[in-house]
file structure-v3.cif (mmCIF, C-alpha atoms)
data_entry
loop_
_atom_site.label_atom_id
_atom_site.label_comp_id
_atom_site.auth_asym_id
_atom_site.auth_seq_id
_atom_site.Cartn_x
_atom_site.Cartn_y
_atom_site.Cartn_z
CA MET A 15 -14.17 -15.15 -28.53
CA GLU A 16 -14.00 -13.70 -32.05
CA GLN A 17 -17.59 -12.46 -31.77
CA LEU A 18 -16.79 -10.77 -28.44
CA SER A 19 -13.71 -9.13 -29.95
CA ALA A 20 -15.73 -7.91 -32.94
CA TRP A 21 -18.44 -6.51 -30.65
CA PHE A 22 -15.85 -4.75 -28.50
CA THR A 23 -14.17 -3.25 -31.59
CA GLN A 24 -17.53 -2.02 -32.86
CA GLN A 25 -18.33 -0.41 -29.51
CA LEU A 26 -15.00 1.41 -29.53
CA ALA A 27 -15.55 2.55 -33.09
CA ASP A 28 -18.83 4.22 -32.09
CA ASN A 29 -17.27 5.89 -29.03
CA SER A 30 -15.32 9.12 -29.39
CA ILE A 31 -13.74 9.01 -25.92
CA PHE A 32 -13.00 5.42 -24.98
CA THR A 33 -10.97 4.42 -27.98
CA ALA A 34 -8.24 1.80 -28.07
CA ARG A 35 -5.72 4.59 -27.49
CA THR A 36 -7.39 6.04 -24.40
CA LEU A 37 -7.98 2.57 -22.96
CA GLY A 38 -4.27 2.03 -23.47
CA TYR A 39 -3.65 5.02 -21.19
CA TYR A 40 -5.86 3.46 -18.55
CA GLY A 41 -4.10 0.12 -18.96
CA GLU A 42 -0.72 1.76 -18.49
CA GLY A 43 -2.03 3.63 -15.45
CA LEU A 44 -3.46 0.43 -13.98
CA VAL A 45 -0.11 -1.34 -14.25
CA THR A 46 1.71 1.61 -12.66
CA THR A 47 -0.82 1.86 -9.82
CA VAL A 48 -0.64 -1.86 -9.05
CA GLN A 49 3.16 -1.83 -9.15
CA LEU A 50 3.41 1.20 -6.87
CA VAL A 51 0.94 -0.12 -4.29
CA PHE A 52 2.22 -3.71 -4.36
CA LEU A 53 5.90 -2.80 -4.01
CA SER A 54 5.28 -0.26 -1.26
CA LEU A 55 3.18 -2.77 0.70
CA VAL A 56 5.66 -5.63 0.34
CA ILE A 57 8.70 -3.54 1.24
CA GLY A 58 6.75 -1.78 3.98
CA LEU A 59 5.63 -5.07 5.54
CA MET A 60 9.21 -6.39 5.56
CA ILE A 61 10.37 -3.26 7.40
CA ALA A 62 7.35 -2.90 9.69
CA VAL A 63 7.48 -6.37 11.25
CA PRO A 64 10.91 -5.95 12.92
CA LEU A 65 10.06 -2.35 13.81
CA SER A 66 6.83 -3.45 15.50
CA ILE A 67 8.82 -5.93 17.60
CA ALA A 68 11.39 -3.27 18.51
CA ARG A 69 8.55 -0.83 19.23
CA GLY A 70 7.64 -2.97 22.24
CA SER A 71 11.16 -2.93 23.66
CA LYS A 72 11.63 -1.76 27.25
CA ARG A 73 14.69 0.24 26.22
CA LYS A 74 13.72 3.83 25.45
CA TRP A 75 16.63 4.40 23.06
CA ILE A 76 15.16 1.65 20.85
CA LYS A 77 11.43 2.31 21.03
CA MET A 78 11.39 6.13 21.17
CA PRO A 79 12.93 6.73 17.68
CA ILE A 80 10.41 4.27 16.23
CA PHE A 81 7.58 5.99 18.07
CA PHE A 82 8.75 9.37 16.76
CA PHE A 83 8.97 8.03 13.19
CA THR A 84 5.46 6.55 13.28
CA TYR A 85 4.07 9.66 14.99
CA VAL A 86 5.47 11.97 12.29
CA PHE A 87 4.41 9.90 9.29
CA ARG A 88 0.95 9.14 10.69
CA GLY A 89 0.45 12.72 11.76
CA THR A 90 1.26 14.40 8.45
CA PRO A 91 -0.54 14.08 5.08
CA LEU A 92 0.89 11.63 2.58
CA LEU A 93 0.71 14.32 -0.10
CA ILE A 94 3.08 16.55 1.90
CA GLN A 95 5.46 13.63 2.43
CA LEU A 96 5.41 12.95 -1.31
CA TYR A 97 6.17 16.58 -2.11
CA ILE A 98 9.04 16.72 0.39
CA ILE A 99 10.69 13.55 -0.91
CA TYR A 100 10.10 14.27 -4.61
CA TYR A 101 11.14 17.92 -4.61
CA GLY A 102 13.46 17.92 -1.60
CA VAL A 103 15.83 15.23 -2.86
CA VAL A 104 17.16 17.67 -5.47
CA PHE A 105 18.53 19.94 -2.75
CA ILE A 106 20.72 17.26 -1.13
CA ASP A 107 24.32 18.30 -1.75
CA GLY A 108 26.07 16.07 -4.25
CA ILE A 109 23.11 13.75 -4.84
CA GLN A 110 23.11 14.45 -8.58
CA ASP A 111 26.71 13.26 -8.84
CA THR A 112 26.03 9.85 -7.29
CA TRP A 113 24.54 6.65 -8.63
CA LEU A 114 21.40 7.34 -6.58
CA TRP A 115 20.42 10.14 -8.94
CA VAL A 116 19.92 7.62 -11.76
CA ILE A 117 17.13 6.14 -9.63
CA LEU A 118 15.75 9.23 -7.91
CA GLU A 119 15.41 11.35 -11.04
CA GLU A 120 12.54 9.08 -12.10
CA PRO A 121 9.33 10.14 -10.30
CA PHE A 122 8.28 6.54 -9.62
CA TYR A 123 11.01 5.89 -7.05
CA PRO A 124 10.54 8.99 -4.86
CA ALA A 125 6.82 8.14 -4.86
CA LEU A 126 7.67 4.55 -3.90
CA ILE A 127 9.84 5.81 -1.02
CA ALA A 128 7.07 8.12 0.23
CA PHE A 129 4.39 5.43 0.03
CA THR A 130 6.65 2.84 1.67
CA LEU A 131 7.58 5.07 4.61
CA ASN A 132 3.93 5.97 5.12
CA THR A 133 2.69 2.40 5.14
CA VAL A 134 5.61 1.36 7.38
CA ALA A 135 4.42 3.84 10.00
CA TYR A 136 0.83 2.59 9.96
CA THR A 137 1.71 -1.10 9.67
CA THR A 138 4.21 -0.85 12.53
CA GLU A 139 1.53 0.47 14.86
CA ILE A 140 -1.00 -2.11 13.65
CA PHE A 141 1.34 -5.03 14.36
CA HIS A 142 2.65 -3.47 17.56
CA GLY A 143 -0.90 -3.32 18.90
CA ALA A 144 -1.56 -6.90 17.78
CA ILE A 145 1.63 -8.11 19.49
CA LYS A 146 0.69 -6.33 22.73
CA ALA A 147 -2.73 -8.00 22.60
CA THR A 148 -1.19 -11.48 22.76
CA SER A 149 -2.80 -13.31 25.66
CA LYS A 150 -0.64 -14.10 28.66
CA GLY A 151 -1.84 -17.68 28.48
CA GLU A 152 -0.15 -18.22 25.11
CA ILE A 153 3.10 -16.73 26.38
CA GLU A 154 3.05 -18.75 29.60
CA ALA A 155 2.34 -21.94 27.65
CA ALA A 156 5.30 -21.21 25.35
CA ARG A 157 7.54 -20.62 28.36
CA ALA A 158 6.34 -23.86 29.92
CA TYR A 159 7.58 -25.66 26.81
CA GLY A 160 10.98 -24.06 27.33
CA MET A 161 10.88 -21.80 24.27
CA SER A 162 13.40 -19.00 24.01
CA LYS A 163 12.18 -15.43 23.38
CA SER A 164 13.12 -15.56 19.71
CA LEU A 165 11.47 -18.94 19.18
CA MET A 166 8.38 -17.80 21.07
CA MET A 167 8.20 -14.66 18.91
CA ARG A 168 8.53 -16.66 15.70
CA ARG A 169 6.20 -19.54 16.49
CA ILE A 170 3.63 -18.11 18.89
CA ILE A 171 3.45 -14.32 19.09
CA LEU A 172 3.90 -13.27 15.45
CA PRO A 173 1.48 -15.83 13.91
CA SER A 174 -1.13 -14.98 16.56
CA ALA A 175 -0.56 -11.23 16.09
CA PHE A 176 -0.83 -11.52 12.31
CA ARG A 177 -4.24 -13.16 12.60
CA ARG A 178 -5.48 -10.40 14.91
CA ALA A 179 -3.99 -7.66 12.71
CA LEU A 180 -5.43 -9.02 9.48
CA PRO A 181 -8.67 -6.95 9.42
CA ALA A 182 -6.83 -3.71 10.26
CA TYR A 183 -4.08 -4.48 7.77
CA GLY A 184 -6.68 -5.10 5.09
CA ASN A 185 -7.97 -1.59 5.68
CA GLU A 186 -4.40 -0.29 5.36
CA VAL A 187 -4.01 -2.01 1.99
CA ILE A 188 -7.22 -0.40 0.73
CA PHE A 189 -6.09 2.95 2.12
CA MET A 190 -2.81 2.68 0.19
CA LEU A 191 -4.70 1.84 -2.99
CA HIS A 192 -6.90 4.91 -2.63
CA ALA A 193 -3.95 7.09 -1.57
CA SER A 194 -2.07 6.09 -4.72
CA ALA A 195 -4.39 8.46 -6.60
CA ILE A 196 -2.15 11.34 -5.51
CA ALA A 197 0.88 9.88 -7.29
CA SER A 198 -0.12 11.67 -10.48
CA VAL A 199 0.80 15.03 -8.91
CA VAL A 200 4.47 14.15 -9.45
CA THR A 201 3.92 13.33 -13.15
CA ILE A 202 3.40 9.58 -12.67
CA MET A 203 0.99 8.11 -15.21
CA ASP A 204 -1.16 6.13 -12.81
CA LEU A 205 -4.91 5.59 -13.06
CA THR A 206 -5.74 9.12 -11.94
CA GLY A 207 -3.09 10.51 -14.25
CA ALA A 208 -4.67 8.63 -17.15
CA ALA A 209 -8.08 10.07 -16.25
CA ARG A 210 -6.63 13.56 -16.17
CA LEU A 211 -5.06 13.02 -19.58
CA VAL A 212 -8.36 11.83 -21.08
CA TYR A 213 -10.19 14.75 -19.46
CA ALA A 214 -7.66 17.25 -20.84
CA ARG A 215 -8.03 15.87 -24.36
CA PHE A 216 -11.78 15.42 -24.53
CA TYR A 217 -13.09 17.82 -21.84
CA ALA A 218 -15.24 15.01 -20.46
CA PRO A 219 -14.71 14.95 -16.68
CA PHE A 220 -17.61 12.63 -15.88
CA ASP A 221 -16.64 10.00 -18.43
CA ALA A 222 -12.93 10.10 -17.58
CA PHE A 223 -13.19 10.07 -13.79
CA LEU A 224 -16.25 7.84 -13.45
CA PHE A 225 -14.46 5.20 -15.49
CA VAL A 226 -11.34 5.38 -13.31
CA ALA A 227 -13.55 5.32 -10.20
CA ALA A 228 -15.04 2.06 -11.47
CA LEU A 229 -11.53 0.64 -11.90
CA TYR A 230 -10.59 1.61 -8.33
CA LEU A 231 -13.85 0.05 -7.16
CA CYS A 232 -13.02 -3.24 -8.88
CA LEU A 233 -9.55 -3.28 -7.31
CA THR A 234 -11.04 -2.52 -3.89
CA PHE A 235 -13.55 -5.37 -4.17
CA ALA A 236 -10.74 -7.73 -5.22
CA ILE A 237 -8.71 -6.75 -2.13
CA LEU A 238 -11.77 -7.10 0.10
CA TYR A 239 -12.46 -10.57 -1.29
CA LEU A 240 -8.84 -11.61 -0.74
CA PHE A 241 -8.78 -10.47 2.89
CA ARG A 242 -12.21 -11.93 3.59
CA TYR A 243 -10.86 -15.24 2.30
CA LEU A 244 -7.74 -14.95 4.46
CA GLU A 245 -9.80 -14.05 7.51
CA LYS A 246 -12.11 -16.99 6.87
CA ARG A 247 -9.13 -19.36 6.71
CA MET A 248 -7.02 -17.91 9.52
CA LEU A 249 -9.79 -16.94 11.98
CA VAL A 250 -11.81 -20.13 11.66
CA HIS A 251 -11.30 -20.86 15.38
CA LEU A 252 -13.34 -17.75 16.25
CA ARG A 253 -16.48 -18.92 14.50
CA PRO A 254 -19.41 -19.74 16.78
CA LEU A 255 -20.22 -23.43 16.98
CA ASN A 256 -23.64 -24.40 15.61
#
call {"tool": "encode", "arguments": {"input": "structure-v3.cif", "output": "structure tokens"}}
result
Amino acid sequence: MEQLSAWFTQQLADNSIFTARTLGYYGEGLVTTVQLVFLSLVIGLMIAVPLSIARGSKRKWIKMPIFFFTYVFRGTPLLIQLYIIYYGVVFIDGIQDTWLWVILEEPFYPALIAFTLNTVAYTTEIFHGAIKATSKGEIEAARAYGMSKSLMMRRIILPSAFRRALPAYGNEVIFMLHASAIASVVTIMDLTGAARLVYARFYAPFDAFLFVAALYLCLTFAILYLFRYLEKRMLVHLRPLN
């Protein structure tokens, strides 16, 4: 371990760009990126699941507002949504005199709101489609056992829908990771922001952005591996028998 540390220190000493200081920028950006993506996905999933259930309601006054919300946020660029939330919150009357301003004046939280609302829209439609695809046989079997609608939703429909939605939701997670690169436009020091800082200081665009591209690639492969593992465990019943 000491030999590896000495070799790494020597490599940094011979490199004018990737010094301990610049790698610290990338480390800080990595933490910010992971926090932003993870929190938006967790909060978004918690909101999207009940919305996806309500999206299938027969009552128009319940499903139409949800449809309109998902239509707007899926039909407009995430960058525009980020700009509107980040810059538009200042123009809300009296917002600066409330406790909310302590939170919203930091760029991280408006970005978190924008990313969360965006992923809620996509995740709601993903799970709504998976719920609609539940086979009638499963529902009829649950009714034959005397299950109520809520019990059937909790024990039969949602677990089955989650398994079907897993591949599409994995793509949504990767999309959110890649979309997080725009967070730096509102002064957040994420991975892309760190690359821009290194580029501005050393005028080395290829070194700065190729390195951050490699970091995004590693994160993407880690997510792919995780979802492949989950699919392998949860979709084992779909494997062909040898």
call {"tool": "atom_distance", "arguments": {"input": "structure-v3.cif", "atom1": "CA of Gly207 in chain A", "atom2": "CA of Ala195 in chain A"}}
result
8.0 Å
call {"tool": "residues_near_point", "arguments": {"input": "structure-v3.cif", "point": "(8.5, 9.0, 11.0)", "cutoff": "12 Å", "atoms": "only C-alpha atoms", "output": "compact mmCIF listing (two decimals) with C-alpha atoms, keeping the file's coordinate frame"}}
result
# COMPACT_ATOMS: atom_id res chain seq x y z
CA LEU A 65 10.06 -2.35 13.81
CA MET A 78 11.39 6.13 21.17
CA PRO A 79 12.93 6.73 17.68
CA ILE A 80 10.41 4.27 16.23
CA PHE A 81 7.58 5.99 18.07
CA PHE A 82 8.75 9.37 16.76
CA PHE A 83 8.97 8.03 13.19
CA THR A 84 5.46 6.55 13.28
CA TYR A 85 4.07 9.66 14.99
CA VAL A 86 5.47 11.97 12.29
CA PHE A 87 4.41 9.90 9.29
CA ARG A 88 0.95 9.14 10.69
CA GLY A 89 0.45 12.72 11.76
CA THR A 90 1.26 14.40 8.45
CA PRO A 91 -0.54 14.08 5.08
CA LEU A 92 0.89 11.63 2.58
CA GLN A 95 5.46 13.63 2.43
CA ALA A 128 7.07 8.12 0.23
CA THR A 130 6.65 2.84 1.67
CA LEU A 131 7.58 5.07 4.61
CA ASN A 132 3.93 5.97 5.12
CA THR A 133 2.69 2.40 5.14
CA VAL A 134 5.61 1.36 7.38
CA ALA A 135 4.42 3.84 10.00
CA TYR A 136 0.83 2.59 9.96
CA THR A 138 4.21 -0.85 12.53
CA GLU A 139 1.53 0.47 14.86
call {"tool": "atom_distance", "arguments": {"input": "structure-v3.cif", "atom1": "CA of Lys77 in chain A", "atom2": "CA of Met60 in chain A"}}
result
17.9 Å
call {"tool": "resolve_selection", "arguments": {"input": "structure-v3.cif", "expression": "the PyMOL selection byres ((chain A and resi 35-42) around 12)", "output": "PyMOL selection string"}}
result
chain A and resi 26-27+29-34+43-49+202-216+221-223+225-230
call {"tool": "closest_atom_pairs", "arguments": {"input": "structure-v3.cif", "of": "range 59-82 of chain A", "to": "range 165-185 of chain A", "cutoff": "12 Å", "atoms": "only C-alpha atoms", "output": "JSON lines"}}
result
{"residue": "A:Leu59", "atom": "CA", "partner": "A:Tyr183", "partner_atom": "CA", "distance": 10.0}
{"residue": "A:Ala62", "atom": "CA", "partner": "A:Tyr183", "partner_atom": "CA", "distance": 11.7}
{"residue": "A:Val63", "atom": "CA", "partner": "A:Leu172", "partner_atom": "CA", "distance": 8.8}
{"residue": "A:Pro64", "atom": "CA", "partner": "A:Leu172", "partner_atom": "CA", "distance": 10.4}
{"residue": "A:Ser66", "atom": "CA", "partner": "A:Leu172", "partner_atom": "CA", "distance": 10.2}
{"residue": "A:Ile67", "atom": "CA", "partner": "A:Met167", "partner_atom": "CA", "distance": 8.8}
{"residue": "A:Ala68", "atom": "CA", "partner": "A:Met167", "partner_atom": "CA", "distance": 11.8}
call {"tool": "atom_distance", "arguments": {"input": "structure-v3.cif", "atom1": "CA of Met248 in chain A", "atom2": "CA of Ile153 in chain A"}}
result
19.7 Å
call {"tool": "closest_residue", "arguments": {"input": "structure-v3.cif", "among": "A:Tyr217, A:Phe129, A:Phe189, A:Phe235", "to": "Gly58 in chain A", "atoms": "only C-alpha atoms"}}
result
A:Phe129
call {"tool": "closest_residue", "arguments": {"input": "structure-v3.cif", "among": "A:Phe141, A:Trp113, A:Phe52, A:Tyr97", "to": "Ile188 in chain A", "atoms": "only C-alpha atoms"}}
result
A:Phe52
call {"tool": "residues_around", "arguments": {"input": "structure-v3.cif", "residues": "Leu118 in chain A", "least_positions_apart": "4", "cutoff": "10 Å", "atoms": "all atoms listed in the file", "output": "short mmCIF file (atom, residue, chain, number, x, y, z; two decimals) with C-alpha atoms, in the coordinates of the input"}}
result
data_model
loop_
_atom_site.label_atom_id
_atom_site.label_comp_id
_atom_site.auth_asym_id
_atom_site.auth_seq_id
_atom_site.Cartn_x
_atom_site.Cartn_y
_atom_site.Cartn_z
CA ILE A 99 10.69 13.55 -0.91
CA TYR A 100 10.10 14.27 -4.61
CA VAL A 103 15.83 15.23 -2.86
CA VAL A 104 17.16 17.67 -5.47
CA ILE A 109 23.11 13.75 -4.84
CA GLN A 110 23.11 14.45 -8.58
CA TRP A 113 24.54 6.65 -8.63
CA LEU A 114 21.40 7.34 -6.58
CA PHE A 122 8.28 6.54 -9.62
CA TYR A 123 11.01 5.89 -7.05
CA PRO A 124 10.54 8.99 -4.86
CA ALA A 125 6.82 8.14 -4.86
CA ILE A 127 9.84 5.81 -1.02
#
